[in-house]
file run-v1.pdb (PDB, N, CA and C atoms)
ATOM      1  N   MET A   1      90.005 123.265 120.755
ATOM      2  CA  MET A   1      91.362 122.871 121.016
ATOM      3  C   MET A   1      91.406 121.548 121.772
ATOM      4  N   ALA A   2      90.500 121.361 122.707
ATOM      5  CA  ALA A   2      90.496 120.129 123.505
ATOM      6  C   ALA A   2      90.188 118.924 122.635
ATOM      7  N   LEU A   3      89.329 119.100 121.639
ATOM      8  CA  LEU A   3      89.028 117.987 120.748
ATOM      9  C   LEU A   3      90.260 117.523 119.998
ATOM     10  N   MET A   4      91.097 118.442 119.564
ATOM     11  CA  MET A   4      92.306 118.087 118.837
ATOM     12  C   MET A   4      93.232 117.249 119.719
ATOM     13  N   CYS A   5      93.370 117.611 120.978
ATOM     14  CA  CYS A   5      94.219 116.851 121.899
ATOM     15  C   CYS A   5      93.700 115.439 122.076
ATOM     16  N   VAL A   6      92.395 115.297 122.188
ATOM     17  CA  VAL A   6      91.799 113.969 122.330
ATOM     18  C   VAL A   6      92.048 113.161 121.068
ATOM     19  N   SER A   7      91.927 113.799 119.910
ATOM     20  CA  SER A   7      92.148 113.122 118.643
ATOM     21  C   SER A   7      93.590 112.635 118.521
ATOM     22  N   ILE A   8      94.542 113.461 118.899
ATOM     23  CA  ILE A   8      95.946 113.071 118.843
ATOM     24  C   ILE A   8      96.211 111.925 119.804
ATOM     25  N   SER A   9      95.639 112.020 120.985
ATOM     26  CA  SER A   9      95.809 110.959 121.978
ATOM     27  C   SER A   9      95.226 109.645 121.461
ATOM     28  N   ALA A  10      94.073 109.707 120.824
ATOM     29  CA  ALA A  10      93.450 108.501 120.274
ATOM     30  C   ALA A  10      94.310 107.912 119.165
ATOM     31  N   ALA A  11      94.909 108.766 118.331
ATOM     32  CA  ALA A  11      95.779 108.280 117.257
ATOM     33  C   ALA A  11      96.998 107.581 117.836
ATOM     34  N   ALA A  12      97.567 108.145 118.893
ATOM     35  CA  ALA A  12      98.729 107.520 119.532
ATOM     36  C   ALA A  12      98.343 106.173 120.128
ATOM     37  N   ASP A  13      97.169 106.108 120.751
ATOM     38  CA  ASP A  13      96.692 104.837 121.305
ATOM     39  C   ASP A  13      96.496 103.803 120.201
ATOM     40  N   ASN A  14      95.966 104.231 119.062
ATOM     41  CA  ASN A  14      95.764 103.310 117.933
ATOM     42  C   ASN A  14      97.090 102.792 117.404
ATOM     43  N   GLN A  15      98.124 103.658 117.341
ATOM     44  CA  GLN A  15      99.441 103.213 116.885
ATOM     45  C   GLN A  15     100.025 102.184 117.839
ATOM     46  N   GLN A  16      99.872 102.419 119.138
ATOM     47  CA  GLN A  16     100.382 101.470 120.121
ATOM     48  C   GLN A  16      99.672 100.135 119.985
ATOM     49  N   ALA A  17      98.358 100.151 119.789
ATOM     50  CA  ALA A  17      97.593  98.920 119.627
ATOM     51  C   ALA A  17      98.018  98.181 118.363
ATOM     52  N   ALA A  18      98.267  98.919 117.286
ATOM     53  CA  ALA A  18      98.696  98.293 116.031
ATOM     54  C   ALA A  18     100.046  97.624 116.193
ATOM     55  N   LYS A  19     100.962  98.274 116.928
ATOM     56  CA  LYS A  19     102.281  97.675 117.140
ATOM     57  C   LYS A  19     102.169  96.381 117.926
ATOM     58  N   LYS A  20     101.266  96.339 118.888
ATOM     59  CA  LYS A  20     101.095  95.125 119.683
ATOM     60  C   LYS A  20     100.494  94.005 118.844
ATOM     61  N   GLN A  21      99.625  94.344 117.886
ATOM     62  CA  GLN A  21      98.985  93.334 117.050
ATOM     63  C   GLN A  21      99.906  92.851 115.941
ATOM     64  N   ASN A  22     100.769  93.725 115.432
ATOM     65  CA  ASN A  22     101.666  93.350 114.343
ATOM     66  C   ASN A  22     102.713  92.362 114.837
ATOM     67  N   PRO A  23     102.904  91.295 114.102
ATOM     68  CA  PRO A  23     103.971  90.371 114.474
ATOM     69  C   PRO A  23     105.321  91.006 114.155
ATOM     70  N   LYS A  24     106.367  90.478 114.752
ATOM     71  CA  LYS A  24     107.708  90.982 114.466
ATOM     72  C   LYS A  24     108.329  90.241 113.295
ATOM     73  N   LYS A  25     107.540  89.364 112.666
ATOM     74  CA  LYS A  25     108.058  88.599 111.537
ATOM     75  C   LYS A  25     106.947  88.400 110.514
ATOM     76  N   ALA A  26     107.254  88.719 109.280
ATOM     77  CA  ALA A  26     106.332  88.495 108.172
ATOM     78  C   ALA A  26     107.155  87.971 107.001
ATOM     79  N   THR A  27     106.484  87.303 106.074
ATOM     80  CA  THR A  27     107.176  86.726 104.919
ATOM     81  C   THR A  27     106.504  87.196 103.637
ATOM     82  N   VAL A  28     107.332  87.460 102.637
ATOM     83  CA  VAL A  28     106.845  87.834 101.318
ATOM     84  C   VAL A  28     107.735  87.145 100.280
ATOM     85  N   VAL A  29     107.134  86.777  99.148
ATOM     86  CA  VAL A  29     107.878  86.150  98.062
ATOM     87  C   VAL A  29     107.762  87.045  96.826
ATOM     88  N   PHE A  30     108.917  87.503  96.347
ATOM     89  CA  PHE A  30     108.971  88.331  95.148
ATOM     90  C   PHE A  30     109.448  87.487  93.976
ATOM     91  N   THR A  31     108.838  87.682  92.824
ATOM     92  CA  THR A  31     109.321  87.065  91.595
ATOM     93  C   THR A  31     110.116  88.122  90.848
ATOM     94  N   VAL A  32     111.404  87.812  90.638
ATOM     95  CA  VAL A  32     112.313  88.727  89.943
ATOM     96  C   VAL A  32     113.164  87.917  88.968
ATOM     97  N   GLU A  33     113.741  88.596  88.008
ATOM     98  CA  GLU A  33     114.601  87.919  87.036
ATOM     99  C   GLU A  33     115.963  87.628  87.665
ATOM    100  N   ILE A  34     116.315  86.346  87.696
ATOM    101  CA  ILE A  34     117.599  85.922  88.243
ATOM    102  C   ILE A  34     118.268  85.066  87.176
ATOM    103  N   ASP A  35     119.273  85.634  86.501
ATOM    104  CA  ASP A  35     119.905  84.952  85.378
ATOM    105  C   ASP A  35     121.178  84.204  85.733
ATOM    106  N   CYS A  36     121.907  84.722  86.727
ATOM    107  CA  CYS A  36     123.251  84.186  86.958
ATOM    108  C   CYS A  36     123.661  84.373  88.420
ATOM    109  N   GLN A  37     124.859  83.922  88.724
ATOM    110  CA  GLN A  37     125.381  84.082  90.075
ATOM    111  C   GLN A  37     125.567  85.560  90.418
ATOM    112  N   GLY A  38     125.861  86.372  89.416
ATOM    113  CA  GLY A  38     125.983  87.807  89.638
ATOM    114  C   GLY A  38     124.684  88.419  90.137
ATOM    115  N   CYS A  39     123.565  87.961  89.583
ATOM    116  CA  CYS A  39     122.246  88.430  90.036
ATOM    117  C   CYS A  39     122.022  88.039  91.495
ATOM    118  N   ILE A  40     122.364  86.793  91.806
ATOM    119  CA  ILE A  40     122.201  86.302  93.174
ATOM    120  C   ILE A  40     123.059  87.127  94.128
ATOM    121  N   ASP A  41     124.308  87.368  93.747
ATOM    122  CA  ASP A  41     125.218  88.155  94.590
ATOM    123  C   ASP A  41     124.685  89.571  94.800
ATOM    124  N   LYS A  42     124.183  90.182  93.728
ATOM    125  CA  LYS A  42     123.661  91.544  93.813
ATOM    126  C   LYS A  42     122.490  91.605  94.794
ATOM    127  N   ILE A  43     121.596  90.617  94.711
ATOM    128  CA  ILE A  43     120.445  90.577  95.617
ATOM    129  C   ILE A  43     120.914  90.365  97.052
ATOM    130  N   GLN A  44     121.799  89.396  97.253
ATOM    131  CA  GLN A  44     122.283  89.106  98.604
ATOM    132  C   GLN A  44     122.989  90.301  99.228
ATOM    133  N   HIS A  45     123.811  90.978  98.465
ATOM    134  CA  HIS A  45     124.611  92.071  99.024
ATOM    135  C   HIS A  45     123.829  93.360  99.207
ATOM    136  N   ASN A  46     122.671  93.471  98.612
ATOM    137  CA  ASN A  46     121.893  94.706  98.738
ATOM    138  C   ASN A  46     120.610  94.515  99.549
ATOM    139  N   ILE A  47     119.803  93.548  99.164
ATOM    140  CA  ILE A  47     118.506  93.374  99.817
ATOM    141  C   ILE A  47     118.665  92.861 101.249
ATOM    142  N   ALA A  48     119.643  92.013 101.488
ATOM    143  CA  ALA A  48     119.846  91.458 102.832
ATOM    144  C   ALA A  48     120.137  92.546 103.861
ATOM    145  N   PHE A  49     120.645  93.688 103.406
ATOM    146  CA  PHE A  49     121.011  94.752 104.335
ATOM    147  C   PHE A  49     119.976  95.875 104.409
ATOM    148  N   GLU A  50     118.833  95.673 103.771
ATOM    149  CA  GLU A  50     117.740  96.635 103.910
ATOM    150  C   GLU A  50     117.219  96.583 105.345
ATOM    151  N   LYS A  51     116.849  97.729 105.858
ATOM    152  CA  LYS A  51     116.340  97.810 107.226
ATOM    153  C   LYS A  51     115.139  96.875 107.405
ATOM    154  N   GLY A  52     115.169  96.058 108.449
ATOM    155  CA  GLY A  52     114.051  95.172 108.776
ATOM    156  C   GLY A  52     114.141  93.779 108.182
ATOM    157  N   VAL A  53     115.039  93.552 107.225
ATOM    158  CA  VAL A  53     115.162  92.227 106.607
ATOM    159  C   VAL A  53     115.872  91.298 107.589
ATOM    160  N   ARG A  54     115.226  90.159 107.871
ATOM    161  CA  ARG A  54     115.781  89.212 108.829
ATOM    162  C   ARG A  54     116.377  87.984 108.149
ATOM    163  N   ASP A  55     115.797  87.576 107.021
ATOM    164  CA  ASP A  55     116.284  86.393 106.320
ATOM    165  C   ASP A  55     115.942  86.532 104.847
ATOM    166  N   LEU A  56     116.753  85.880 104.016
ATOM    167  CA  LEU A  56     116.621  86.000 102.570
ATOM    168  C   LEU A  56     116.913  84.638 101.952
ATOM    169  N   LEU A  57     116.019  84.167 101.108
ATOM    170  CA  LEU A  57     116.221  82.895 100.418
ATOM    171  C   LEU A  57     116.005  83.146  98.931
ATOM    172  N   ILE A  58     117.010  82.827  98.138
ATOM    173  CA  ILE A  58     116.949  83.058  96.693
ATOM    174  C   ILE A  58     116.851  81.720  95.980
ATOM    175  N   ASN A  59     115.837  81.577  95.120
ATOM    176  CA  ASN A  59     115.636  80.363  94.341
ATOM    177  C   ASN A  59     115.745  80.738  92.866
ATOM    178  N   LYS A  60     116.911  80.466  92.277
ATOM    179  CA  LYS A  60     117.149  80.838  90.875
ATOM    180  C   LYS A  60     116.210  80.095  89.933
ATOM    181  N   ASP A  61     115.978  78.807  90.186
ATOM    182  CA  ASP A  61     115.123  78.013  89.303
ATOM    183  C   ASP A  61     113.693  78.546  89.249
ATOM    184  N   GLU A  62     113.177  78.978  90.386
ATOM    185  CA  GLU A  62     111.806  79.504  90.465
ATOM    186  C   GLU A  62     111.742  81.015  90.195
ATOM    187  N   GLN A  63     112.940  81.657  90.110
ATOM    188  CA  GLN A  63     113.017  83.110  89.922
ATOM    189  C   GLN A  63     112.326  83.847  91.072
ATOM    190  N   GLN A  64     112.519  83.330  92.299
ATOM    191  CA  GLN A  64     111.851  83.905  93.463
ATOM    192  C   GLN A  64     112.841  84.242  94.575
ATOM    193  N   VAL A  65     112.504  85.298  95.289
ATOM    194  CA  VAL A  65     113.262  85.703  96.467
ATOM    195  C   VAL A  65     112.268  85.766  97.623
ATOM    196  N   THR A  66     112.488  84.930  98.622
ATOM    197  CA  THR A  66     111.642  84.917  99.811
ATOM    198  C   THR A  66     112.338  85.729 100.886
ATOM    199  N   ILE A  67     111.602  86.681 101.442
ATOM    200  CA  ILE A  67     112.165  87.565 102.456
ATOM    201  C   ILE A  67     111.334  87.459 103.730
ATOM    202  N   VAL A  68     112.019  87.225 104.838
ATOM    203  CA  VAL A  68     111.408  87.307 106.158
ATOM    204  C   VAL A  68     111.847  88.658 106.712
ATOM    205  N   TYR A  69     110.883  89.459 107.131
ATOM    206  CA  TYR A  69     111.195  90.815 107.559
ATOM    207  C   TYR A  69     110.371  91.213 108.775
ATOM    208  N   ASN A  70     110.804  92.285 109.419
ATOM    209  CA  ASN A  70     110.094  92.850 110.554
ATOM    210  C   ASN A  70     109.154  93.932 110.023
ATOM    211  N   PRO A  71     107.834  93.709 110.066
ATOM    212  CA  PRO A  71     106.893  94.683 109.507
ATOM    213  C   PRO A  71     106.827  95.992 110.291
ATOM    214  N   GLN A  72     107.447  96.032 111.457
ATOM    215  CA  GLN A  72     107.505  97.288 112.203
ATOM    216  C   GLN A  72     108.643  98.173 111.702
ATOM    217  N   LYS A  73     109.540  97.600 110.872
ATOM    218  CA  LYS A  73     110.688  98.361 110.379
ATOM    219  C   LYS A  73     110.667  98.587 108.874
ATOM    220  N   THR A  74     109.920  97.774 108.129
ATOM    221  CA  THR A  74     109.840  97.945 106.681
ATOM    222  C   THR A  74     108.502  97.386 106.202
ATOM    223  N   ASP A  75     108.249  97.543 104.912
ATOM    224  CA  ASP A  75     107.021  97.005 104.337
ATOM    225  C   ASP A  75     107.296  96.518 102.909
ATOM    226  N   ILE A  76     106.304  95.916 102.316
ATOM    227  CA  ILE A  76     106.467  95.315 100.993
ATOM    228  C   ILE A  76     106.831  96.365  99.942
ATOM    229  N   GLU A  77     106.208  97.527  99.986
ATOM    230  CA  GLU A  77     106.506  98.574  98.997
ATOM    231  C   GLU A  77     107.961  99.026  99.092
ATOM    232  N   THR A  78     108.468  99.166 100.292
ATOM    233  CA  THR A  78     109.859  99.575 100.483
ATOM    234  C   THR A  78     110.808  98.516  99.937
ATOM    235  N   LEU A  79     110.473  97.255 100.180
ATOM    236  CA  LEU A  79     111.302  96.161  99.673
ATOM    237  C   LEU A  79     111.266  96.116  98.145
ATOM    238  N   LYS A  80     110.092  96.337  97.561
ATOM    239  CA  LYS A  80     109.985  96.383  96.097
ATOM    240  C   LYS A  80     110.869  97.486  95.525
ATOM    241  N   LYS A  81     110.868  98.639  96.173
ATOM    242  CA  LYS A  81     111.696  99.760  95.713
ATOM    243  C   LYS A  81     113.177  99.416  95.811
ATOM    244  N   ALA A  82     113.547  98.635  96.818
ATOM    245  CA  ALA A  82     114.952  98.228  96.967
ATOM    246  C   ALA A  82     115.379  97.358  95.785
ATOM    247  N   PHE A  83     114.483  96.487  95.306
ATOM    248  CA  PHE A  83     114.791  95.680  94.119
ATOM    249  C   PHE A  83     114.928  96.571  92.891
ATOM    250  N   GLN A  84     114.050  97.548  92.760
ATOM    251  CA  GLN A  84     114.118  98.458  91.617
ATOM    252  C   GLN A  84     115.425  99.233  91.601
ATOM    253  N   LYS A  85     115.912  99.633  92.786
ATOM    254  CA  LYS A  85     117.165 100.394  92.878
ATOM    255  C   LYS A  85     118.352  99.602  92.339
ATOM    256  N   ILE A  86     118.299  98.265  92.437
ATOM    257  CA  ILE A  86     119.419  97.456  91.943
ATOM    258  C   ILE A  86     119.140  96.876  90.559
ATOM    259  N   GLY A  87     118.106  97.394  89.896
ATOM    260  CA  GLY A  87     117.818  96.975  88.529
ATOM    261  C   GLY A  87     117.108  95.638  88.419
ATOM    262  N   LYS A  88     116.386  95.265  89.449
ATOM    263  CA  LYS A  88     115.642  94.003  89.463
ATOM    264  C   LYS A  88     114.171  94.288  89.735
ATOM    265  N   PRO A  89     113.408  94.669  88.710
ATOM    266  CA  PRO A  89     111.991  94.944  88.946
ATOM    267  C   PRO A  89     111.241  93.691  89.401
ATOM    268  N   VAL A  90     110.273  93.902  90.266
ATOM    269  CA  VAL A  90     109.469  92.810  90.815
ATOM    270  C   VAL A  90     108.309  92.542  89.861
ATOM    271  N   TYR A  91     108.185  91.270  89.443
ATOM    272  CA  TYR A  91     107.108  90.885  88.524
ATOM    273  C   TYR A  91     105.848  90.470  89.256
ATOM    274  N   SER A  92     105.986  89.879  90.425
ATOM    275  CA  SER A  92     104.814  89.532  91.221
ATOM    276  C   SER A  92     105.203  89.423  92.686
ATOM    277  N   VAL A  93     104.187  89.552  93.527
ATOM    278  CA  VAL A  93     104.375  89.483  94.974
ATOM    279  C   VAL A  93     103.390  88.481  95.528
ATOM    280  N   GLU A  94     103.884  87.579  96.357
ATOM    281  CA  GLU A  94     103.027  86.585  96.999
ATOM    282  C   GLU A  94     103.247  86.682  98.496
ATOM    283  N   ILE A  95     102.149  86.688  99.244
ATOM    284  CA  ILE A  95     102.238  86.689 100.695
ATOM    285  C   ILE A  95     101.773  85.317 101.177
ATOM    286  N   PRO A  96     102.706  84.489 101.636
ATOM    287  CA  PRO A  96     102.337  83.151 102.083
ATOM    288  C   PRO A  96     101.381  83.201 103.263
ATOM    289  N   GLU A  97     100.580  82.163 103.419
ATOM    290  CA  GLU A  97      99.671  82.078 104.557
ATOM    291  C   GLU A  97     100.472  82.077 105.841
ATOM    292  N   ALA A  98      99.844  82.550 106.913
ATOM    293  CA  ALA A  98     100.536  82.688 108.197
ATOM    294  C   ALA A  98     101.106  81.355 108.689
ATOM    295  N   GLY A  99     100.473  80.261 108.396
ATOM    296  CA  GLY A  99     100.941  78.957 108.840
ATOM    297  C   GLY A  99     102.231  78.534 108.167
ATOM    298  N   ASN A 100     102.597  79.190 107.068
ATOM    299  CA  ASN A 100     103.816  78.843 106.342
ATOM    300  C   ASN A 100     105.026  79.634 106.792
ATOM    301  N   ASN A 101     104.858  80.574 107.719
ATOM    302  CA  ASN A 101     105.992  81.394 108.189
ATOM    303  C   ASN A 101     106.900  80.610 109.056
TER     304      ASN A 101
END
call {"tool": "encode", "arguments": {"input": "run-v1.pdb", "output": "structure tokens"}}
result
Amino acid sequence: MALMCVSISAAADNQQAAKKQNPKKATVVFTVEIDCQGCIDKIQHNIAFEKGVRDLLINKDEQQVTIVYNPQKTDIETLKKAFQKIGKPVYSVEIPEAGNN
């Protein structure tokens, strides 16, 4: 029984350490089909309000959506699912280098 308590305590310590190491800002670039202003509006009105999203930049010409988000509140998979929910499947994901954030 004592070993289990130590294990749980170690897991909690690891989570705290991970939170301290994780930045509060990360950037990801999704490639999605953007045909018209309606597509842009749909993305802005839905993805911008996903938990953890801090900023959103839509480039229709490049068919890309750049999202700045808090990795302590969301992750790339969750954001991809948010695009799928609005009928915009993600074709590719790019994580810019840290110096570009």
call {"tool": "residues_around", "arguments": {"input": "run-v1.pdb", "residues": "region 66-82 of chain A", "least_positions_apart": "4", "cutoff": "7 Å", "atoms": "only C-alpha atoms", "output": "PyMOL selection string"}}
result
chain A and resi 24-30+47+51-58+86+90
call {"tool": "closest_residue", "arguments": {"input": "run-v1.pdb", "among": "A:Ser92, A:Ile34, A:Phe83, A:Asp41", "to": "Lys60 (chain A)", "atoms": "only N, CA and C atoms"}}
result
A:Ile34
call {"tool": "atom_distance", "arguments": {"input": "run-v1.pdb", "atom1": "CA of Thr31 (chain A)", "atom2": "CA of Asp61 (chain A)"}}
result
11.0 Å
call {"tool": "atom_distance", "arguments": {"input": "run-v1.pdb", "atom1": "atom C of Gln64 (chain A)", "atom2": "CA of Glu33 (chain A)"}}
result
8.6 Å
call {"tool": "atom_distance", "arguments": {"input": "run-v1.pdb", "atom1": "atom N of Cys39 (chain A)", "atom2": "CA of Glu97 (chain A)"}}
result
28.8 Å
call {"tool": "select_by_dssp", "arguments": {"input": "run-v1.pdb", "residues": "region 23-73 of chain A", "states": "strand (DSSP E)", "output": "NGL selection string"}}
result
:A and (26-32 or 53-59 or 64-69)
call {"tool": "axis_aligned_box", "arguments": {"input": "run-v1.pdb", "around": "region 40-46 of chain A", "padding_each_side": "6 Å", "output": "lines of an AutoDock Vina configuration file"}}
result
center_x = 122.8
center_y = 90.5
center_z = 95.7
size_x = 16.8
size_y = 20.4
size_z = 19.7
call {"tool": "select_by_dssp", "arguments": {"input": "run-v1.pdb", "residues": "region 26-78 of chain A", "states": "helix (DSSP H, G or I)", "output": "PDB file with N, CA and C atoms, in the frame of the given file"}}
result
ATOM      1  N   GLN A  37     124.859  83.922  88.724  1.00  0.00           N
ATOM      2  CA  GLN A  37     125.381  84.082  90.075  1.00  0.00           C
ATOM      3  C   GLN A  37     125.567  85.560  90.418  1.00  0.00           C
ATOM      4  N   GLY A  38     125.861  86.372  89.416  1.00  0.00           N
ATOM      5  CA  GLY A  38     125.983  87.807  89.638  1.00  0.00           C
ATOM      6  C   GLY A  38     124.684  88.419  90.137  1.00  0.00           C
ATOM      7  N   CYS A  39     123.565  87.961  89.583  1.00  0.00           N
ATOM      8  CA  CYS A  39     122.246  88.430  90.036  1.00  0.00           C
ATOM      9  C   CYS A  39     122.022  88.039  91.495  1.00  0.00           C
ATOM     10  N   ILE A  40     122.364  86.793  91.806  1.00  0.00           N
ATOM     11  CA  ILE A  40     122.201  86.302  93.174  1.00  0.00           C
ATOM     12  C   ILE A  40     123.059  87.127  94.128  1.00  0.00           C
ATOM     13  N   ASP A  41     124.308  87.368  93.747  1.00  0.00           N
ATOM     14  CA  ASP A  41     125.218  88.155  94.590  1.00  0.00           C
ATOM     15  C   ASP A  41     124.685  89.571  94.800  1.00  0.00           C
ATOM     16  N   LYS A  42     124.183  90.182  93.728  1.00  0.00           N
ATOM     17  CA  LYS A  42     123.661  91.544  93.813  1.00  0.00           C
ATOM     18  C   LYS A  42     122.490  91.605  94.794  1.00  0.00           C
ATOM     19  N   ILE A  43     121.596  90.617  94.711  1.00  0.00           N
ATOM     20  CA  ILE A  43     120.445  90.577  95.617  1.00  0.00           C
ATOM     21  C   ILE A  43     120.914  90.365  97.052  1.00  0.00           C
ATOM     22  N   GLN A  44     121.799  89.396  97.253  1.00  0.00           N
ATOM     23  CA  GLN A  44     122.283  89.106  98.604  1.00  0.00           C
ATOM     24  C   GLN A  44     122.989  90.301  99.228  1.00  0.00           C
ATOM     25  N   HIS A  45     123.811  90.978  98.465  1.00  0.00           N
ATOM     26  CA  HIS A  45     124.611  92.071  99.024  1.00  0.00           C
ATOM     27  C   HIS A  45     123.829  93.360  99.207  1.00  0.00           C
ATOM     28  N   ASN A  46     122.671  93.471  98.612  1.00  0.00           N
ATOM     29  CA  ASN A  46     121.893  94.706  98.738  1.00  0.00           C
ATOM     30  C   ASN A  46     120.610  94.515  99.549  1.00  0.00           C
ATOM     31  N   ILE A  47     119.803  93.548  99.164  1.00  0.00           N
ATOM     32  CA  ILE A  47     118.506  93.374  99.817  1.00  0.00           C
ATOM     33  C   ILE A  47     118.665  92.861 101.249  1.00  0.00           C
ATOM     34  N   ILE A  76     106.304  95.916 102.316  1.00  0.00           N
ATOM     35  CA  ILE A  76     106.467  95.315 100.993  1.00  0.00           C
ATOM     36  C   ILE A  76     106.831  96.365  99.942  1.00  0.00           C
ATOM     37  N   GLU A  77     106.208  97.527  99.986  1.00  0.00           N
ATOM     38  CA  GLU A  77     106.506  98.574  98.997  1.00  0.00           C
ATOM     39  C   GLU A  77     107.961  99.026  99.092  1.00  0.00           C
ATOM     40  N   THR A  78     108.468  99.166 100.292  1.00  0.00           N
ATOM     41  CA  THR A  78     109.859  99.575 100.483  1.00  0.00           C
ATOM     42  C   THR A  78     110.808  98.516  99.937  1.00  0.00           C
TER      43      THR A  78
END
